[in-house]
$ cat target.csv   # CSV, N, CA and C atoms
chain,number,residue,atom,x,y,z
A,1,MET,N,-85.5,48.7,52.3
A,1,MET,CA,-86.6,49.6,52.2
A,1,MET,C,-86.3,50.6,51.1
A,2,ALA,N,-87.2,50.8,50.2
A,2,ALA,CA,-87.0,51.7,49.1
A,2,ALA,C,-87.4,53.1,49.4
A,3,LEU,N,-86.8,54.1,48.8
A,3,LEU,CA,-87.1,55.5,49.0
A,3,LEU,C,-88.5,55.8,48.5
A,4,THR,N,-89.4,56.3,49.3
A,4,THR,CA,-90.8,56.6,48.9
A,4,THR,C,-90.9,58.0,48.3
A,5,LEU,N,-92.0,58.3,47.6
A,5,LEU,CA,-92.2,59.6,47.1
A,5,LEU,C,-92.3,60.6,48.2
A,6,GLU,N,-93.0,60.3,49.3
A,6,GLU,CA,-93.1,61.2,50.4
A,6,GLU,C,-91.7,61.5,51.0
A,7,GLU,N,-90.9,60.5,51.1
A,7,GLU,CA,-89.5,60.8,51.7
A,7,GLU,C,-88.7,61.6,50.7
A,8,ALA,N,-88.8,61.3,49.4
A,8,ALA,CA,-88.1,62.1,48.4
A,8,ALA,C,-88.6,63.6,48.4
A,9,ASN,N,-89.9,63.8,48.6
A,9,ASN,CA,-90.4,65.2,48.6
A,9,ASN,C,-89.9,65.9,49.9
A,10,THR,N,-89.8,65.1,51.0
A,10,THR,CA,-89.2,65.7,52.2
A,10,THR,C,-87.8,66.2,52.0
A,11,ILE,N,-87.0,65.4,51.3
A,11,ILE,CA,-85.6,65.7,51.0
A,11,ILE,C,-85.6,67.0,50.1
A,12,VAL,N,-86.4,67.0,49.1
A,12,VAL,CA,-86.5,68.2,48.2
A,12,VAL,C,-86.8,69.4,49.0
A,13,ALA,N,-87.8,69.3,49.9
A,13,ALA,CA,-88.2,70.5,50.7
A,13,ALA,C,-87.0,70.9,51.6
A,14,GLY,N,-86.3,70.0,52.1
A,14,GLY,CA,-85.1,70.4,53.0
A,14,GLY,C,-84.0,71.1,52.2
A,15,ALA,N,-83.8,70.6,51.0
A,15,ALA,CA,-82.8,71.3,50.1
A,15,ALA,C,-83.3,72.7,49.7
A,16,ILE,N,-84.5,72.9,49.4
A,16,ILE,CA,-85.1,74.2,49.1
A,16,ILE,C,-85.0,75.1,50.3
A,17,ALA,N,-85.3,74.6,51.5
A,17,ALA,CA,-85.3,75.4,52.7
A,17,ALA,C,-83.9,76.0,52.9
A,18,LYS,N,-82.9,75.1,52.7
A,18,LYS,CA,-81.5,75.5,52.8
A,18,LYS,C,-81.1,76.6,51.8
A,19,ALA,N,-81.6,76.4,50.5
A,19,ALA,CA,-81.3,77.4,49.5
A,19,ALA,C,-82.0,78.7,49.8
A,20,GLN,N,-83.1,78.7,50.4
A,20,GLN,CA,-83.8,80.0,50.8
A,20,GLN,C,-83.0,80.7,51.9
A,21,GLU,N,-82.5,79.9,52.8
A,21,GLU,CA,-81.7,80.4,53.9
A,21,GLU,C,-80.4,81.1,53.3
A,22,MET,N,-79.9,80.4,52.3
A,22,MET,CA,-78.6,80.9,51.6
A,22,MET,C,-78.9,82.0,50.6
A,23,GLN,N,-80.2,82.2,50.3
A,23,GLN,CA,-80.6,83.2,49.3
A,23,GLN,C,-80.1,82.9,47.9
A,24,ILE,N,-80.2,81.6,47.5
A,24,ILE,CA,-79.9,81.2,46.2
A,24,ILE,C,-81.1,80.5,45.6
A,25,LYS,N,-81.1,80.3,44.3
A,25,LYS,CA,-82.2,79.6,43.5
A,25,LYS,C,-81.6,78.3,42.9
A,26,ILE,N,-82.3,77.2,43.2
A,26,ILE,CA,-81.7,75.9,42.8
A,26,ILE,C,-82.8,75.1,42.2
A,27,SER,N,-82.3,74.0,41.5
A,27,SER,CA,-83.1,72.9,41.2
A,27,SER,C,-82.6,71.7,42.0
A,28,VAL,N,-83.5,70.9,42.5
A,28,VAL,CA,-83.1,69.7,43.3
A,28,VAL,C,-83.8,68.5,42.8
A,29,ALA,N,-83.0,67.4,42.7
A,29,ALA,CA,-83.5,66.1,42.2
A,29,ALA,C,-83.2,65.0,43.2
A,30,VAL,N,-84.1,64.1,43.4
A,30,VAL,CA,-83.9,62.9,44.2
A,30,VAL,C,-84.2,61.7,43.3
A,31,CYS,N,-83.2,60.9,43.2
A,31,CYS,CA,-83.3,59.7,42.4
A,31,CYS,C,-83.2,58.4,43.3
A,32,ASP,N,-83.7,57.3,42.8
A,32,ASP,CA,-83.6,56.0,43.6
A,32,ASP,C,-82.2,55.5,43.4
A,33,ALA,N,-81.9,54.3,43.9
A,33,ALA,CA,-80.6,53.7,43.9
A,33,ALA,C,-80.2,53.3,42.4
A,34,GLY,N,-81.1,53.2,41.5
A,34,GLY,CA,-80.9,52.9,40.1
A,34,GLY,C,-80.7,54.2,39.3
A,35,GLY,N,-80.7,55.4,40.0
A,35,GLY,CA,-80.5,56.6,39.3
A,35,GLY,C,-81.8,57.2,38.6
A,36,ARG,N,-82.9,56.6,38.9
A,36,ARG,CA,-84.2,57.1,38.2
A,36,ARG,C,-84.9,58.1,39.1
A,37,LEU,N,-85.3,59.2,38.5
A,37,LEU,CA,-85.9,60.3,39.2
A,37,LEU,C,-87.1,59.9,40.0
A,38,VAL,N,-87.2,60.3,41.2
A,38,VAL,CA,-88.3,60.1,42.1
A,38,VAL,C,-89.0,61.4,42.4
A,39,ALA,N,-88.3,62.5,42.6
A,39,ALA,CA,-88.9,63.8,42.9
A,39,ALA,C,-87.9,64.9,42.4
A,40,PHE,N,-88.5,66.0,41.9
A,40,PHE,CA,-87.8,67.1,41.4
A,40,PHE,C,-88.5,68.4,41.6
A,41,ASN,N,-87.8,69.5,41.8
A,41,ASN,CA,-88.4,70.8,41.9
A,41,ASN,C,-87.3,71.8,41.5
A,42,ARG,N,-87.8,72.8,40.8
A,42,ARG,CA,-87.0,74.0,40.3
A,42,ARG,C,-87.6,75.2,40.9
A,43,MET,N,-86.8,75.9,41.7
A,43,MET,CA,-87.3,77.1,42.4
A,43,MET,C,-87.6,78.2,41.3
A,44,ASP,N,-88.5,79.1,41.6
A,44,ASP,CA,-88.7,80.2,40.8
A,44,ASP,C,-87.4,81.0,40.7
A,45,GLY,N,-87.1,81.3,39.4
A,45,GLY,CA,-85.9,82.1,39.2
A,45,GLY,C,-84.6,81.3,39.1
A,46,ALA,N,-84.6,80.0,39.3
A,46,ALA,CA,-83.4,79.2,39.1
A,46,ALA,C,-83.1,79.1,37.6
A,47,ILE,N,-81.8,79.1,37.3
A,47,ILE,CA,-81.5,79.0,35.9
A,47,ILE,C,-81.9,77.6,35.3
A,48,TRP,N,-82.3,77.6,34.1
A,48,TRP,CA,-82.9,76.4,33.5
A,48,TRP,C,-81.9,75.3,33.4
A,49,GLY,N,-80.6,75.5,33.3
A,49,GLY,CA,-79.6,74.5,33.2
A,49,GLY,C,-79.5,73.7,34.5
A,50,SER,N,-79.9,74.4,35.6
A,50,SER,CA,-79.8,73.7,36.9
A,50,SER,C,-80.6,72.4,37.0
A,51,MET,N,-81.7,72.3,36.2
A,51,MET,CA,-82.5,71.1,36.2
A,51,MET,C,-81.7,69.9,35.7
A,52,TYR,N,-80.9,70.1,34.7
A,52,TYR,CA,-80.0,69.0,34.2
A,52,TYR,C,-78.9,68.7,35.1
A,53,GLY,N,-78.3,69.8,35.7
A,53,GLY,CA,-77.2,69.6,36.6
A,53,GLY,C,-77.6,68.8,37.8
A,54,SER,N,-78.7,69.2,38.4
A,54,SER,CA,-79.2,68.5,39.6
A,54,SER,C,-79.4,67.0,39.4
A,55,GLN,N,-80.0,66.7,38.3
A,55,GLN,CA,-80.3,65.3,38.0
A,55,GLN,C,-79.1,64.5,37.6
A,56,GLY,N,-78.2,65.1,36.8
A,56,GLY,CA,-76.9,64.4,36.5
A,56,GLY,C,-76.0,64.2,37.6
A,57,LYS,N,-76.0,65.1,38.6
A,57,LYS,CA,-75.2,64.9,39.8
A,57,LYS,C,-75.8,63.8,40.6
A,58,ALA,N,-77.1,63.8,40.8
A,58,ALA,CA,-77.8,62.8,41.6
A,58,ALA,C,-77.5,61.4,41.0
A,59,VAL,N,-77.6,61.2,39.7
A,59,VAL,CA,-77.4,60.0,39.0
A,59,VAL,C,-75.9,59.5,39.3
A,60,ALA,N,-75.0,60.4,39.2
A,60,ALA,CA,-73.6,60.0,39.4
A,60,ALA,C,-73.4,59.6,40.9
A,61,SER,N,-74.0,60.3,41.8
A,61,SER,CA,-73.8,60.0,43.2
A,61,SER,C,-74.4,58.6,43.5
A,62,ALA,N,-75.6,58.4,43.0
A,62,ALA,CA,-76.2,57.1,43.2
A,62,ALA,C,-75.4,55.9,42.5
A,63,ALA,N,-74.9,56.2,41.4
A,63,ALA,CA,-74.2,55.1,40.6
A,63,ALA,C,-72.9,54.7,41.4
A,64,PHE,N,-72.3,55.6,42.1
A,64,PHE,CA,-71.0,55.3,42.7
A,64,PHE,C,-71.1,55.3,44.3
A,65,ALA,N,-72.3,55.6,44.8
A,65,ALA,CA,-72.6,55.6,46.2
A,65,ALA,C,-71.6,56.5,47.0
A,66,ARG,N,-71.4,57.7,46.4
A,66,ARG,CA,-70.5,58.7,47.1
A,66,ARG,C,-70.9,60.1,46.6
A,67,PRO,N,-70.5,61.1,47.3
A,67,PRO,CA,-70.8,62.4,46.9
A,67,PRO,C,-70.2,62.7,45.4
A,68,SER,N,-71.0,63.3,44.6
A,68,SER,CA,-70.6,63.5,43.2
A,68,SER,C,-69.3,64.3,43.1
A,69,GLY,N,-69.0,65.2,44.0
A,69,GLY,CA,-67.7,65.9,43.9
A,69,GLY,C,-66.5,65.0,44.0
A,70,GLU,N,-66.6,63.9,44.7
A,70,GLU,CA,-65.5,63.0,44.8
A,70,GLU,C,-65.2,62.3,43.5
A,71,LEU,N,-66.1,62.4,42.5
A,71,LEU,CA,-66.0,61.7,41.3
A,71,LEU,C,-65.2,62.5,40.2
A,72,GLN,N,-65.0,63.8,40.5
A,72,GLN,CA,-64.4,64.7,39.5
A,72,GLN,C,-63.0,64.1,39.0
A,73,GLU,N,-62.2,63.6,40.0
A,73,GLU,CA,-60.9,63.1,39.6
A,73,GLU,C,-61.0,61.9,38.7
A,74,ARG,N,-62.0,61.1,38.9
A,74,ARG,CA,-62.2,59.9,38.1
A,74,ARG,C,-62.9,60.0,36.8
A,75,ALA,N,-63.4,61.2,36.5
A,75,ALA,CA,-64.2,61.4,35.3
A,75,ALA,C,-63.6,61.0,34.0
A,76,GLU,N,-62.3,61.1,33.9
A,76,GLU,CA,-61.6,60.7,32.6
A,76,GLU,C,-61.1,59.3,32.6
A,77,SER,N,-61.3,58.6,33.7
A,77,SER,CA,-60.9,57.2,33.7
A,77,SER,C,-61.7,56.3,32.7
A,78,PRO,N,-61.2,55.3,32.1
A,78,PRO,CA,-61.9,54.5,31.1
A,78,PRO,C,-63.1,53.8,31.8
A,79,ILE,N,-63.0,53.4,33.1
A,79,ILE,CA,-64.1,52.8,33.8
A,79,ILE,C,-65.2,53.7,34.0
A,80,PHE,N,-64.9,54.9,34.5
A,80,PHE,CA,-66.0,55.9,34.7
A,80,PHE,C,-66.7,56.3,33.4
A,81,ARG,N,-65.9,56.5,32.3
A,81,ARG,CA,-66.4,56.9,31.0
A,81,ARG,C,-67.3,55.8,30.5
A,82,GLY,N,-66.9,54.6,30.7
A,82,GLY,CA,-67.6,53.4,30.2
A,82,GLY,C,-69.0,53.3,30.9
A,83,ILE,N,-68.9,53.4,32.2
A,83,ILE,CA,-70.2,53.3,32.9
A,83,ILE,C,-71.1,54.5,32.6
A,84,ALA,N,-70.6,55.7,32.5
A,84,ALA,CA,-71.4,56.9,32.1
A,84,ALA,C,-72.0,56.7,30.7
A,85,SER,N,-71.2,56.2,29.8
A,85,SER,CA,-71.7,55.9,28.4
A,85,SER,C,-72.8,54.9,28.4
A,86,ALA,N,-72.6,53.8,29.1
A,86,ALA,CA,-73.6,52.7,29.2
A,86,ALA,C,-74.9,53.2,29.8
A,87,GLU,N,-74.8,54.2,30.7
A,87,GLU,CA,-75.9,54.7,31.4
A,87,GLU,C,-76.6,55.8,30.6
A,88,GLY,N,-76.0,56.2,29.5
A,88,GLY,CA,-76.7,57.1,28.6
A,88,GLY,C,-76.1,58.5,28.6
A,89,GLY,N,-75.0,58.7,29.4
A,89,GLY,CA,-74.3,60.0,29.4
A,89,GLY,C,-75.0,61.0,30.3
A,90,HIS,N,-75.8,60.5,31.3
A,90,HIS,CA,-76.6,61.4,32.1
A,90,HIS,C,-75.8,61.8,33.4
A,91,MET,N,-74.7,61.2,33.7
A,91,MET,CA,-74.0,61.4,34.9
A,91,MET,C,-73.1,62.7,34.8
A,92,ILE,N,-73.1,63.5,35.9
A,92,ILE,CA,-72.3,64.7,36.0
A,92,ILE,C,-71.4,64.5,37.2
A,93,PRO,N,-70.1,64.3,37.0
A,93,PRO,CA,-69.2,64.1,38.2
A,93,PRO,C,-68.7,65.4,38.7
A,94,SER,N,-69.6,66.2,39.3
A,94,SER,CA,-69.3,67.5,39.8
A,94,SER,C,-70.0,67.7,41.2
A,95,GLN,N,-69.4,68.5,42.0
A,95,GLN,CA,-69.9,68.7,43.4
A,95,GLN,C,-71.3,69.2,43.4
A,96,GLY,N,-72.1,68.6,44.2
A,96,GLY,CA,-73.5,69.0,44.4
A,96,GLY,C,-74.5,67.9,44.7
A,97,ALA,N,-74.1,66.7,44.8
A,97,ALA,CA,-75.0,65.6,45.1
A,97,ALA,C,-74.4,64.7,46.2
A,98,VAL,N,-75.3,64.1,47.0
A,98,VAL,CA,-74.9,63.2,48.0
A,98,VAL,C,-75.7,61.9,48.0
A,99,PRO,N,-75.1,60.8,48.3
A,99,PRO,CA,-75.9,59.6,48.3
A,99,PRO,C,-76.9,59.5,49.5
A,100,ILE,N,-77.9,58.8,49.4
A,100,ILE,CA,-78.9,58.6,50.5
A,100,ILE,C,-78.7,57.1,50.9
A,101,VAL,N,-78.1,57.0,52.1
A,101,VAL,CA,-77.8,55.6,52.6
A,101,VAL,C,-78.6,55.5,53.9
A,102,ARG,N,-79.3,54.4,54.0
A,102,ARG,CA,-80.1,54.1,55.3
A,102,ARG,C,-79.8,52.7,55.7
A,103,GLN,N,-79.4,52.6,57.0
A,103,GLN,CA,-79.0,51.3,57.5
A,103,GLN,C,-78.0,50.5,56.6
A,104,GLY,N,-77.0,51.3,56.1
A,104,GLY,CA,-76.0,50.8,55.3
A,104,GLY,C,-76.4,50.4,53.9
A,105,ILE,N,-77.6,50.7,53.4
A,105,ILE,CA,-78.0,50.4,52.1
A,105,ILE,C,-78.3,51.7,51.3
A,106,LEU,N,-77.7,51.7,50.1
A,106,LEU,CA,-77.9,52.9,49.2
A,106,LEU,C,-79.4,52.9,48.7
A,107,GLU,N,-80.0,54.0,49.0
A,107,GLU,CA,-81.4,54.1,48.5
A,107,GLU,C,-81.6,55.1,47.4
A,108,GLY,N,-80.6,55.9,47.2
A,108,GLY,CA,-80.7,56.9,46.1
A,108,GLY,C,-79.7,58.0,46.3
A,109,ALA,N,-80.0,59.2,45.8
A,109,ALA,CA,-79.2,60.4,45.9
A,109,ALA,C,-80.0,61.6,45.8
A,110,CYS,N,-79.4,62.7,46.4
A,110,CYS,CA,-80.0,64.0,46.2
A,110,CYS,C,-79.0,64.9,45.5
A,111,GLY,N,-79.4,65.5,44.4
A,111,GLY,CA,-78.5,66.4,43.6
A,111,GLY,C,-79.1,67.7,43.5
A,112,VAL,N,-78.3,68.7,43.5
A,112,VAL,CA,-78.7,70.1,43.4
A,112,VAL,C,-77.8,70.9,42.4
A,113,GLY,N,-78.5,71.8,41.7
A,113,GLY,CA,-77.8,72.6,40.7
A,113,GLY,C,-78.3,74.0,40.9
A,114,GLY,N,-77.5,75.0,40.6
A,114,GLY,CA,-77.9,76.4,40.6
A,114,GLY,C,-77.0,77.3,41.3
A,115,GLY,N,-76.3,76.8,42.3
A,115,GLY,CA,-75.4,77.6,43.1
A,115,GLY,C,-73.9,77.2,42.7
A,116,THR,N,-73.0,77.6,43.6
A,116,THR,CA,-71.6,77.1,43.4
A,116,THR,C,-71.7,75.6,43.8
A,117,GLY,N,-70.6,74.8,43.5
A,117,GLY,CA,-70.6,73.4,43.9
A,117,GLY,C,-70.8,73.2,45.4
A,118,GLN,N,-70.1,74.1,46.2
A,118,GLN,CA,-70.3,73.9,47.6
A,118,GLN,C,-71.7,74.3,48.1
A,119,GLN,N,-72.3,75.3,47.5
A,119,GLN,CA,-73.6,75.7,47.9
A,119,GLN,C,-74.6,74.5,47.5
A,120,ASP,N,-74.4,74.0,46.3
A,120,ASP,CA,-75.2,72.8,45.9
A,120,ASP,C,-75.1,71.7,46.9
A,121,GLU,N,-73.9,71.3,47.2
A,121,GLU,CA,-73.7,70.2,48.1
A,121,GLU,C,-74.3,70.5,49.5
A,122,ASP,N,-74.1,71.7,50.0
A,122,ASP,CA,-74.7,72.1,51.3
A,122,ASP,C,-76.2,71.9,51.3
A,123,CYS,N,-76.9,72.3,50.2
A,123,CYS,CA,-78.3,72.1,50.0
A,123,CYS,C,-78.7,70.6,50.0
A,124,ALA,N,-77.9,69.9,49.2
A,124,ALA,CA,-78.2,68.4,49.1
A,124,ALA,C,-78.1,67.7,50.4
A,125,ARG,N,-77.0,68.1,51.2
A,125,ARG,CA,-76.8,67.5,52.5
A,125,ARG,C,-78.0,67.9,53.4
A,126,ALA,N,-78.4,69.1,53.4
A,126,ALA,CA,-79.5,69.6,54.2
A,126,ALA,C,-80.8,68.8,53.9
A,127,GLY,N,-81.0,68.6,52.6
A,127,GLY,CA,-82.2,67.8,52.2
A,127,GLY,C,-82.1,66.4,52.7
A,128,ALA,N,-81.0,65.7,52.4
A,128,ALA,CA,-80.8,64.3,52.8
A,128,ALA,C,-80.9,64.2,54.4
A,129,ALA,N,-80.5,65.2,55.1
A,129,ALA,CA,-80.6,65.2,56.6
A,129,ALA,C,-82.0,65.1,57.1
A,130,ARG,N,-83.0,65.5,56.2
A,130,ARG,CA,-84.4,65.5,56.6
A,130,ARG,C,-85.0,64.1,56.7
A,131,LEU,N,-84.3,63.1,56.1
A,131,LEU,CA,-84.8,61.8,56.0
A,131,LEU,C,-84.6,61.1,57.4
$ encode --input "target.csv" --output "C-alpha cells"
Amino acid sequence: MALTLEEANTIVAGAIAKAQEMQIKISVAVCDAGGRLVAFNRMDGAIWGSMYGSQGKAVASAAFARPSGELQERAESPIFRGIASAEGGHMIPSQGAVPIVRQGILEGACGVGGGTGQQDEDCARAGAARL
C-alpha cells in the first residue's frame, strides 16, 4: 500500500502539533519510499533553511530505511557518498527524520527541520505516529 496524500498530510499535522507543543517553528516534509515529496509545510516564522533540511533528512531516511540521525557516522563512506551523489545530493544524514514503515514495508519518511536535531526527530516521530 502506497502512502496517500491524505496520510502524508496527517503526518505533517502531527509533526506541527508536536512543534507547537514544544513552542518551536519547523518545516516538515513527507516523502514516498523513492524519496519524492508527497506533502510539505513550513510553519509561520520557521527559518527558510528548514525547508531544505526537512526534505533532505526525509530523503536520506527513506533511502536507507532508518532514522536519518543513524546515518551521520556513514556520511563519509564511499558507498553513502556514491548513493547521495547518484540521487542528486539531496540527502542530509543528520538527526530529524524517521522512516515510515507499515506491515514491514517502507512507505516513505517524515523529515523535520528548524529545531535541534532531537526536537526535529521528536516532531517527526510524533507525525509518523499519527499514521
$ atom_distance --input "target.csv" --atom1 "atom C of Ala128 in chain A" --atom2 "CA of Asn9 in chain A"
11.2 Å
$ atom_distance --input "target.csv" --atom1 "CA of Ser68 in chain A" --atom2 "CA of Asp44 in chain A"
24.7 Å
$ closest_residue --input "target.csv" --among "A:Gln103, A:Ser27, A:Gln72, A:Gln95" --to "Thr116 in chain A" --atoms "only C-alpha atoms"
A:Gln95
$ closest_residue --input "target.csv" --among "A:Val59, A:Ala86, A:Met22, A:Val38" --to "Glu6 in chain A" --atoms "only C-alpha atoms"
A:Val38
$ residues_around --input "target.csv" --residues "Val112 in chain A" --least-positions-apart "4" --cutoff "6 Å" --atoms "only C-alpha atoms" --output "tab-separated table (two decimals) with N, CA and C atoms, keeping the file's coordinate frame"
chain	number	residue	atom	x	y	z
A	27	SER	N	-82.30	74.00	41.50
A	27	SER	CA	-83.10	72.90	41.20
A	27	SER	C	-82.60	71.70	42.00
A	28	VAL	N	-83.50	70.90	42.50
A	28	VAL	CA	-83.10	69.70	43.30
A	28	VAL	C	-83.80	68.50	42.80
A	54	SER	N	-78.70	69.20	38.40
A	54	SER	CA	-79.20	68.50	39.60
A	54	SER	C	-79.40	67.00	39.40
A	96	GLY	N	-72.10	68.60	44.20
A	96	GLY	CA	-73.50	69.00	44.40
A	96	GLY	C	-74.50	67.90	44.70
A	120	ASP	N	-74.40	74.00	46.30
A	120	ASP	CA	-75.20	72.80	45.90
A	120	ASP	C	-75.10	71.70	46.90
A	124	ALA	N	-77.90	69.90	49.20
A	124	ALA	CA	-78.20	68.40	49.10
A	124	ALA	C	-78.10	67.70	50.40
$ residues_near_point --input "target.csv" --point "(-77.3, 77.3, 41.2)" --cutoff "5 Å" --atoms "all atoms listed in the file" --output "JSON, numbers by chain"
{"A": [25, 26, 113, 114, 115, 116]}
$ atom_distance --input "target.csv" --atom1 "atom N of Ala33 in chain A" --atom2 "atom N of Gly56 in chain A"
13.4 Å
$ select_by_dssp --input "target.csv" --residues "range 83-124 of chain A" --states "helix (DSSP H, G or I)" --output "PyMOL selection string"
chain A and resi 83-87+117-124
$ residues_around --input "target.csv" --residues "Gly35 in chain A" --least-positions-apart "3" --cutoff "7 Å" --atoms "all atoms listed in the file" --output "MDAnalysis selection string"
chainID A and resid 30:32 38 58:60 62:63 108:109
$ decode --input "target.csv" --residues "range 22-109 of chain A" --atoms "C-alpha atoms" --output "tab-separated table (two decimals), in the first residue's frame"
chain	number	residue	atom	x	y	z
A	22	MET	CA	7.33	22.34	22.13
A	23	GLN	CA	6.99	26.01	21.12
A	24	ILE	CA	9.32	25.71	18.13
A	25	LYS	CA	8.89	26.60	14.43
A	26	ILE	CA	9.58	23.87	11.90
A	27	SER	CA	9.28	22.75	8.33
A	28	VAL	CA	8.08	19.20	7.80
A	29	ALA	CA	8.35	17.04	4.71
A	30	VAL	CA	6.87	13.63	3.96
A	31	CYS	CA	8.30	11.70	1.03
A	32	ASP	CA	7.43	8.36	-0.52
A	33	ALA	CA	9.68	5.31	-0.48
A	34	GLY	CA	11.54	6.67	-3.52
A	35	GLY	CA	12.35	9.92	-1.71
A	36	ARG	CA	9.90	12.05	-3.69
A	37	LEU	CA	7.96	14.74	-1.86
A	38	VAL	CA	4.32	13.93	-1.08
A	39	ALA	CA	3.48	16.67	1.46
A	40	PHE	CA	5.26	19.68	2.91
A	41	ASN	CA	4.52	22.55	5.28
A	42	ARG	CA	6.57	25.39	6.75
A	43	MET	CA	5.22	26.97	9.92
A	44	ASP	CA	4.94	30.73	10.11
A	45	GLY	CA	8.22	32.01	11.49
A	46	ALA	CA	10.27	28.90	10.66
A	47	ILE	CA	13.71	29.66	9.25
A	48	TRP	CA	13.80	29.33	5.48
A	49	GLY	CA	16.67	26.83	5.53
A	50	SER	CA	14.49	24.40	7.44
A	51	MET	CA	12.58	23.61	4.26
A	52	TYR	CA	15.73	22.15	2.70
A	53	GLY	CA	16.75	20.39	5.90
A	54	SER	CA	13.40	18.68	6.36
A	55	GLN	CA	13.34	17.39	2.80
A	56	GLY	CA	16.98	16.28	2.76
A	57	LYS	CA	16.61	14.37	6.00
A	58	ALA	CA	13.43	12.68	4.75
A	59	VAL	CA	15.15	11.60	1.54
A	60	ALA	CA	18.09	10.13	3.48
A	61	SER	CA	15.78	8.30	5.88
A	62	ALA	CA	13.74	6.81	3.04
A	63	ALA	CA	16.85	5.83	1.06
A	64	PHE	CA	18.30	3.82	3.91
A	65	ALA	CA	15.08	2.87	5.76
A	66	ARG	CA	16.37	4.15	9.08
A	67	PRO	CA	16.30	7.35	11.13
A	68	SER	CA	18.47	9.97	9.45
A	69	GLY	CA	20.49	10.53	12.63
A	70	GLU	CA	21.82	6.98	12.37
A	71	LEU	CA	23.40	7.90	9.03
A	72	GLN	CA	25.75	10.58	10.37
A	73	GLU	CA	28.57	8.10	11.03
A	74	ARG	CA	28.28	6.72	7.49
A	75	ALA	CA	28.14	10.07	5.71
A	76	GLU	CA	31.77	9.98	4.62
A	77	SER	CA	31.79	6.37	3.45
A	78	PRO	CA	32.29	5.88	-0.29
A	79	ILE	CA	29.03	3.94	-0.54
A	80	PHE	CA	26.96	6.63	1.15
A	81	ARG	CA	28.62	9.41	-0.85
A	82	GLY	CA	28.08	7.48	-4.07
A	83	ILE	CA	24.40	6.91	-3.41
A	84	ALA	CA	23.92	10.53	-2.33
A	85	SER	CA	25.69	11.75	-5.47
A	86	ALA	CA	23.67	9.48	-7.76
A	87	GLU	CA	20.50	10.76	-6.07
A	88	GLY	CA	21.49	14.35	-6.81
A	89	GLY	CA	23.00	15.37	-3.48
A	90	HIS	CA	19.64	15.93	-1.79
A	91	MET	CA	20.28	13.66	1.19
A	92	ILE	CA	21.10	15.12	4.59
A	93	PRO	CA	22.40	12.49	7.03
A	94	SER	CA	21.50	14.41	10.18
A	95	GLN	CA	19.07	13.76	13.01
A	96	GLY	CA	15.47	14.75	12.33
A	97	ALA	CA	13.78	12.18	10.08
A	98	VAL	CA	12.25	8.76	10.58
A	99	PRO	CA	11.17	6.12	8.09
A	100	ILE	CA	7.51	5.29	7.67
A	101	VAL	CA	7.14	1.51	7.73
A	102	ARG	CA	3.80	-0.24	7.60
A	103	GLN	CA	3.41	-4.01	7.81
A	104	GLY	CA	7.15	-4.33	7.34
A	105	ILE	CA	7.20	-2.31	4.11
A	106	LEU	CA	8.95	1.04	3.74
A	107	GLU	CA	6.41	3.58	2.52
A	108	GLY	CA	8.40	6.79	2.94
A	109	ALA	CA	9.81	9.08	5.60
